[in-house]
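Raw entry_5.txt, compact mmCIF, C-alpha atoms and all ligand atoms:
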```txt
# COMPACT_ATOMS: atom_id res chain seq x y z
CA PHE F 1 108.56 117.45 108.97
CA LYS F 2 111.73 115.62 109.90
CA ILE F 3 111.64 111.88 110.59
CA ALA F 4 114.04 110.38 113.14
CA ILE F 5 114.65 106.63 113.13
CA VAL F 6 115.01 104.50 116.26
CA ILE F 7 116.31 100.97 115.67
CA VAL F 8 116.06 98.72 118.72
CA ALA F 9 118.82 96.13 118.87
CA ALA F 10 119.38 95.48 122.57
CA GLY F 11 117.60 92.12 122.81
CA ARG F 12 119.29 88.81 123.54
CA GLY F 13 117.50 86.77 120.89
CA GLU F 14 116.69 83.88 123.20
CA ARG F 15 114.10 82.27 120.94
CA ALA F 16 116.66 82.09 118.12
CA GLY F 17 118.60 79.69 120.34
CA ALA F 18 122.28 78.83 120.69
CA PRO F 19 123.71 81.51 123.03
CA GLY F 20 127.19 80.81 121.60
CA ASP F 21 126.08 82.26 118.26
CA GLY F 22 125.42 85.66 119.81
CA PRO F 23 122.26 87.83 119.51
CA LYS F 24 120.37 87.31 116.25
CA GLN F 25 120.77 90.91 115.04
CA TYR F 26 124.51 90.29 114.64
CA ARG F 27 124.24 86.94 112.83
CA ARG F 28 125.09 86.92 109.15
CA ILE F 29 122.53 86.54 106.38
CA GLY F 30 123.73 86.84 102.81
CA GLY F 31 127.25 87.37 104.18
CA LEU F 32 126.43 90.44 106.31
CA PRO F 33 125.05 90.91 109.84
CA VAL F 34 121.25 91.24 110.06
CA ILE F 35 121.56 94.76 111.54
CA HIS F 36 123.82 95.82 108.66
CA HIS F 37 120.99 95.09 106.20
CA THR F 38 118.44 96.87 108.42
CA LEU F 39 120.57 100.00 108.85
CA GLN F 40 121.37 100.12 105.15
CA LYS F 41 117.64 100.37 104.34
CA PHE F 42 117.28 103.48 106.50
CA LEU F 43 120.65 105.04 105.61
CA THR F 44 119.70 104.90 101.92
CA TRP F 45 116.12 106.14 102.33
CA PRO F 46 116.12 109.80 101.24
CA LYS F 47 113.66 110.95 103.92
CA SER F 48 115.58 109.57 106.92
CA GLY F 49 116.52 112.14 109.55
CA PRO F 50 118.78 111.33 112.52
CA ILE F 51 119.20 107.61 113.22
CA VAL F 52 119.54 106.17 116.73
CA VAL F 53 120.53 102.56 117.34
CA VAL F 54 119.81 101.11 120.77
CA ILE F 55 122.27 98.35 121.67
CA HIS F 56 123.10 96.17 124.68
CA PRO F 57 126.15 97.43 126.64
CA GLU F 58 127.90 94.09 126.03
CA ASP F 59 127.51 94.36 122.25
CA GLU F 60 129.64 97.42 121.47
CA ALA F 61 132.30 95.42 119.64
CA LEU F 62 129.69 93.39 117.73
CA TYR F 63 127.93 96.60 116.70
CA ALA F 64 131.16 98.26 115.56
CA ALA F 65 132.08 95.19 113.48
CA SER F 66 128.59 95.08 111.95
CA THR F 67 128.71 98.64 110.70
CA ASP F 68 132.17 98.30 109.19
CA GLY F 69 132.05 99.65 105.63
CA LEU F 70 128.46 100.87 105.98
CA GLY F 71 128.19 104.33 104.38
CA GLY F 72 126.84 106.96 106.77
CA ALA F 73 127.24 104.76 109.86
CA GLU F 74 129.52 107.39 111.42
CA ASN F 75 126.49 109.68 111.85
CA ILE F 76 124.41 107.12 113.74
CA ILE F 77 123.74 107.92 117.40
CA VAL F 78 124.34 104.84 119.57
CA THR F 79 122.76 104.44 122.99
CA PHE F 80 122.19 101.61 125.47
CA GLY F 81 118.89 99.82 125.94
CA GLY F 82 117.19 98.12 128.87
CA ASP F 83 115.73 94.80 129.94
CA THR F 84 112.55 95.11 127.90
CA ARG F 85 111.88 96.27 124.37
CA GLN F 86 109.71 99.04 125.82
CA ARG F 87 112.63 100.30 127.91
CA SER F 88 114.98 100.15 124.93
CA VAL F 89 112.58 102.24 122.83
CA TYR F 90 112.28 104.75 125.67
CA GLU F 91 116.07 105.14 125.75
CA GLY F 92 116.08 105.60 121.98
CA LEU F 93 113.43 108.31 122.21
CA ARG F 94 115.50 110.10 124.87
CA ALA F 95 118.51 110.01 122.59
CA ILE F 96 116.68 111.81 119.77
CA ALA F 97 115.28 114.46 122.09
CA ALA F 98 118.24 116.68 121.24
CA THR F 99 117.59 116.57 117.48
CA GLU F 100 115.14 118.63 115.43
CA ALA F 101 112.99 115.65 114.49
CA THR F 102 109.21 116.08 114.52
CA HIS F 103 108.31 112.44 113.81
CA VAL F 104 109.86 109.08 114.58
CA MET F 105 109.86 105.60 113.09
CA ILE F 106 110.55 102.85 115.64
CA HIS F 107 111.90 99.69 114.03
CA ASP F 108 113.14 96.26 115.10
CA ALA F 109 116.75 95.56 114.10
CA ALA F 110 115.50 92.01 113.57
CA ARG F 111 113.40 93.09 110.52
CA PRO F 112 116.03 93.47 107.80
CA PHE F 113 113.56 93.15 104.89
CA VAL F 114 111.78 96.46 105.45
CA ASP F 115 111.60 98.29 102.11
CA HIS F 116 111.51 101.87 100.87
CA ALA F 117 107.98 101.53 99.46
CA LEU F 118 106.70 100.77 102.97
CA LEU F 119 108.65 103.70 104.45
CA ASP F 120 107.18 105.94 101.72
CA ARG F 121 103.63 104.83 102.61
CA ILE F 122 104.27 105.85 106.22
CA ALA F 123 105.76 109.21 105.20
CA GLU F 124 102.65 109.81 103.06
CA GLY F 125 100.54 109.08 106.15
CA PHE F 126 102.47 111.74 108.07
CA ALA F 127 102.00 114.17 105.18
CA ALA F 128 98.25 113.44 105.29
CA GLY F 129 98.25 114.46 108.96
CA ASN F 130 98.20 111.08 110.70
CA ASP F 131 100.09 111.25 113.99
CA GLY F 132 100.31 107.50 114.64
CA ILE F 133 100.85 104.90 111.92
CA LEU F 134 101.00 101.11 112.19
CA PRO F 135 102.16 98.98 109.26
CA ALA F 136 100.20 95.74 109.45
CA MET F 137 98.98 92.82 107.37
CA ALA F 138 95.40 91.58 107.40
CA VAL F 139 95.36 88.11 108.97
CA THR F 140 94.78 85.39 106.35
CA ASP F 141 94.79 82.21 108.48
CA THR F 142 91.57 80.81 109.91
CA LEU F 143 91.77 81.48 113.63
CA LYS F 144 90.74 79.12 116.45
CA ARG F 145 90.39 79.67 120.16
CA GLY F 146 91.66 76.60 122.01
CA GLY F 147 91.12 75.65 125.64
CA SER F 148 93.42 74.21 128.30
CA ASP F 149 91.65 70.91 127.51
CA GLY F 150 93.45 70.90 124.16
CA LEU F 151 90.21 71.18 122.23
CA VAL F 152 89.07 73.79 119.75
CA HIS F 153 86.42 75.87 121.46
CA GLU F 154 85.49 78.12 118.59
CA THR F 155 86.48 79.68 115.32
CA VAL F 156 87.30 83.36 115.72
CA SER F 157 86.36 85.72 112.93
CA ARG F 158 89.43 87.25 111.31
CA ALA F 159 87.43 90.23 110.09
CA GLY F 160 89.27 93.36 111.12
CA LEU F 161 92.29 91.50 112.54
CA TYR F 162 95.82 92.55 111.60
CA ALA F 163 99.33 91.32 112.34
CA ALA F 164 101.44 94.28 113.50
CA GLN F 165 104.83 95.08 111.96
CA THR F 166 107.41 97.83 112.41
CA PRO F 167 108.40 100.61 111.86
CA GLN F 168 105.55 101.91 114.00
CA SER F 169 105.61 105.62 113.47
CA PHE F 170 104.45 108.63 115.41
CA ARG F 171 104.63 112.34 116.02
CA LEU F 172 107.68 112.42 118.28
CA SER F 173 106.30 114.56 121.10
CA GLU F 174 103.18 112.39 121.42
CA ILE F 175 104.89 109.00 121.56
CA ARG F 176 107.55 110.35 123.92
CA THR F 177 104.87 111.60 126.32
CA ALA F 178 103.05 108.26 126.10
CA HIS F 179 106.26 106.35 126.88
CA GLU F 180 107.07 108.69 129.78
CA LYS F 181 103.60 108.18 131.21
CA ALA F 182 103.88 104.38 130.92
CA ALA F 183 107.34 104.40 132.54
CA ALA F 184 106.18 106.64 135.41
CA LEU F 185 103.30 104.26 136.15
CA ARG F 186 105.65 101.26 135.86
CA HIS F 187 103.39 99.97 133.16
CA ASP F 188 106.13 97.95 131.50
CA ASP F 189 104.54 95.04 129.68
CA PHE F 190 103.73 96.62 126.33
CA THR F 191 105.14 94.54 123.47
CA ASP F 192 104.91 97.24 120.83
CA ASP F 193 104.65 101.00 120.55
CA ALA F 194 101.20 101.10 118.96
CA SER F 195 99.82 99.48 122.11
CA ILE F 196 101.37 102.25 124.22
CA ALA F 197 99.88 104.82 121.85
CA GLU F 198 96.44 103.15 122.08
CA TRP F 199 96.70 103.04 125.88
CA ALA F 200 97.57 106.75 125.90
CA GLY F 201 94.58 107.54 123.71
CA LEU F 202 96.46 108.41 120.52
CA ALA F 203 94.90 107.59 117.17
CA VAL F 204 96.83 104.96 115.23
CA THR F 205 96.15 104.55 111.52
CA ILE F 206 96.86 101.26 109.77
CA VAL F 207 98.87 101.25 106.55
CA GLU F 208 99.56 98.18 104.44
CA GLY F 209 102.69 96.39 105.68
CA SER F 210 104.85 94.17 103.51
CA VAL F 211 104.74 90.36 103.38
CA ASP F 212 108.53 90.29 103.28
CA ASN F 213 108.90 92.47 106.38
CA ILE F 214 109.10 89.53 108.78
CA LYS F 215 110.79 89.60 112.17
CA LEU F 216 113.61 87.08 112.48
CA THR F 217 112.55 85.33 115.67
CA LEU F 218 113.52 81.64 115.45
CA LYS F 219 116.70 80.05 114.16
CA ARG F 220 114.79 78.84 111.13
CA ASP F 221 113.85 82.44 110.25
CA ILE F 222 117.54 83.33 110.14
CA ASP F 223 118.38 80.27 108.04
CA MET F 224 115.56 81.06 105.58
CA ALA F 225 116.62 84.72 105.37
CA ASP F 226 120.17 83.62 104.59
CA GLU F 227 118.94 81.27 101.87
CA LYS F 228 116.77 83.97 100.34
CA LEU F 229 119.68 86.44 100.15
CA THR F 230 122.27 83.97 98.87
CA GLN F 231 119.96 82.55 96.17
CA GLY F 232 121.31 83.58 92.80
CA ASN F 233 124.61 84.83 94.19
CA PRO F 234 126.41 81.74 95.47
N1 LIG K 1 114.87 94.51 121.86
C1 LIG K 1 115.57 95.51 122.53
N2 LIG K 1 115.69 95.46 123.90
C2 LIG K 1 115.14 94.46 124.61
C3 LIG K 1 114.41 93.43 123.94
C4 LIG K 1 114.29 93.49 122.55
O1 LIG K 1 116.09 96.42 121.91
N3 LIG K 1 115.31 94.42 125.92
C5 LIG K 1 114.81 94.53 120.38
C6 LIG K 1 115.44 93.30 119.75
O2 LIG K 1 116.85 93.46 119.63
C7 LIG K 1 114.72 93.18 118.43
C8 LIG K 1 113.35 93.84 118.71
O3 LIG K 1 113.46 94.50 119.96
O4 LIG K 1 115.37 93.90 117.38
C9 LIG K 1 112.22 92.82 118.72
O5 LIG K 1 112.35 91.97 119.85
P1 LIG K 1 112.46 90.39 119.81
O6 LIG K 1 112.21 89.87 118.43
O7 LIG K 1 111.67 89.87 120.94
O8 LIG K 1 114.04 90.17 120.07
P2 LIG K 1 114.72 89.56 121.36
O9 LIG K 1 114.08 90.09 122.58
O10 LIG K 1 116.18 89.78 121.20
O11 LIG K 1 114.44 88.00 121.18
P3 LIG K 1 113.80 86.99 122.26
O12 LIG K 1 112.49 87.61 122.70
O13 LIG K 1 113.64 85.71 121.50
O14 LIG K 1 114.83 86.88 123.37
MG MG K 2 111.99 89.68 122.99
```
Would you mind writing the structure in this file as structure tokens?
Ligand code: CTP
Ligand code: MG
Amino acid sequence: FKIAIVIVAAGRGERAGAPGDGPKQYRRIGGLPVIHHTLQKFLTWPKSGPIVVVIHPEDEALYAASTDGLGGAENIIVTFGGDTRQRSVYEGLRAIAATEATHVMIHDAARPFVDHALLDRIAEGFAAGNDGILPAMAVTDTLKRGGSDGLVHETVSRAGLYAAQTPQSFRLSEIRTAHEKAAALRHDDFTDDASIAEWAGLAVTIVEGSVDNIKLTLKRDIDMADEKLTQGNP
């Protein structure tokens, strides 16, 4: 099989604050833009097929600057995203339609700490015949359901609960059909691809995620990521 990669990078990063700083995927951690780190992980993974990056139409210059000096970046297919993550993924899937890929990994540009061991676990899942694969971590916190009265109503069992990560990975034809179906029905409030797959009736297998594979969401996530990468090389 041949695994295409779709990296979604068309968001505005509103929760990371300060509009003047630009979208989070272009902010620097360890001296390089977040998306540079993310792309490097996939460009250097031996099993990567064609790579599509989905960007915002206003970010062309930022994207070009971020991939400066990145080996293999000239082969990346760049396309424009939409107003929701779901729409951006859909555009990315359309862009790989012309390639020979059989499978696809759909990844957030804002997760620069994805590692090759995780990608290998997913590829092994494909080899074992799984058509949908979700990297996820078992929830470790004790969970509470709270009410609008501000009180704890109950403790929720965490048995069987997982926190979803990316790259969520699928047989290409199946996830494309699921996305097309969702778009045609104007069902546009899915926050990840596994939920579209579940909705479409596809089986999704869980593989162990990685504790480091966090999504940079808030400004403090970006600051901590920068500290982590600059530690030891000041
Ligand atoms: N994304 C996208 N197109 C959108 C929205 C999000 O390609 N319309 C991408 C983001 O660039 C990011 C990933 O989806 O890499 C995960 O989304 P999220 O963390 O929510 O990023 P933003 O939407 O940019 O941030 P926020 O929700 O805080 O505005
Ligand atoms: Mg968002």
Inset, instruction - Could you please extract the residues within 12 Å of ligand MG 2 (chain K), counting all atoms listed in the file, and hand them back as number ranges by chain? - result: F: 8-16, 23-25, 82-88, 108-110, 189-192, 215-218
Legend entry - Test item: residues at most 12 Å from region 47-51 of chain F, only C-alpha atoms, excluding those fewer than 6 positions along its chain, as a ChimeraX atom specification: /F:1-8,38-41,72-79,92-93,95-107,116-117,119-124,126
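The shortest atom-to-atom distance to ligand LIG 1 (chain K), with only C-alpha atoms and all ligand atoms taken into account, belongs to F:Val89 out of F:Leu62, F:Leu32, F:Val89, F:Leu43.
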Inset, instruction - Give me, please, the distance in Å between CA of Arg220 (chain F) and CA of Pro57 (chain F), quoted to one decimal. - result: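 Separation between CA of Arg220 (chain F) and CA of Pro57 (chain F): 26.7 Å.
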Inset, instruction - Determine the nearest neighbour of ligand LIG 1 (chain K) from the options F:Leu172, F:Met224, F:Ile214, F:Ala197, counting only C-alpha atoms and all ligand atoms. - result: F:Ile214
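If you look at CA of Tyr162 (chain F) and CA of Gly147 (chain F), they are 22.5 Å away from each other.
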Legend entry - Nearest-residue call for ligand LIG 1 (chain K), choices F:His187, F:Arg176, F:Lys219, F:Arg171, using all atoms listed in the file: F:Lys219
Inset, instruction - Kindly give the distance, in Å, that separates CA of Phe113 (chain F) and CA of Gly30 (chain F), rounded to a single decimal. - result: 12.1 Å
Inset, instruction - Identify, on the basis of all atoms listed in the file, every residue whose closest approach to Thr205 (chain F) does not exceed 8 Å; exclude the query and any residue fewer than 6 positions from it along the same chain; express the result as a PyMOL selection string. - result: chain F and resi 130+132-134
Inset, instruction - Find, counting all atoms listed in the file, the residue in F:Gly125, F:Gly160, F:Gly201, F:Gly31 that gets nearest to Glu174 (chain F). - result: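 Going through F:Gly125, F:Gly160, F:Gly201, F:Gly31 one by one, the smallest distance to Glu174 (chain F) is for F:Gly201.
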Inset, instruction - Would you mind telling me which residue in F:Thr166, F:Ser148, F:Pro33, F:Ser66 lies nearest to ligand LIG 1 (chain K) when using all atoms listed in the file? - result: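 For ligand LIG 1 (chain K), the nearest of the candidates is F:Thr166.
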Inset, instruction - Tell me which of F:Asp131, F:Asp223, F:Asp59, F:Asp21 sits closest to Ala203 (chain F), counting only C-alpha atoms. - result: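 Nearest to Ala203 (chain F): F:Asp131.
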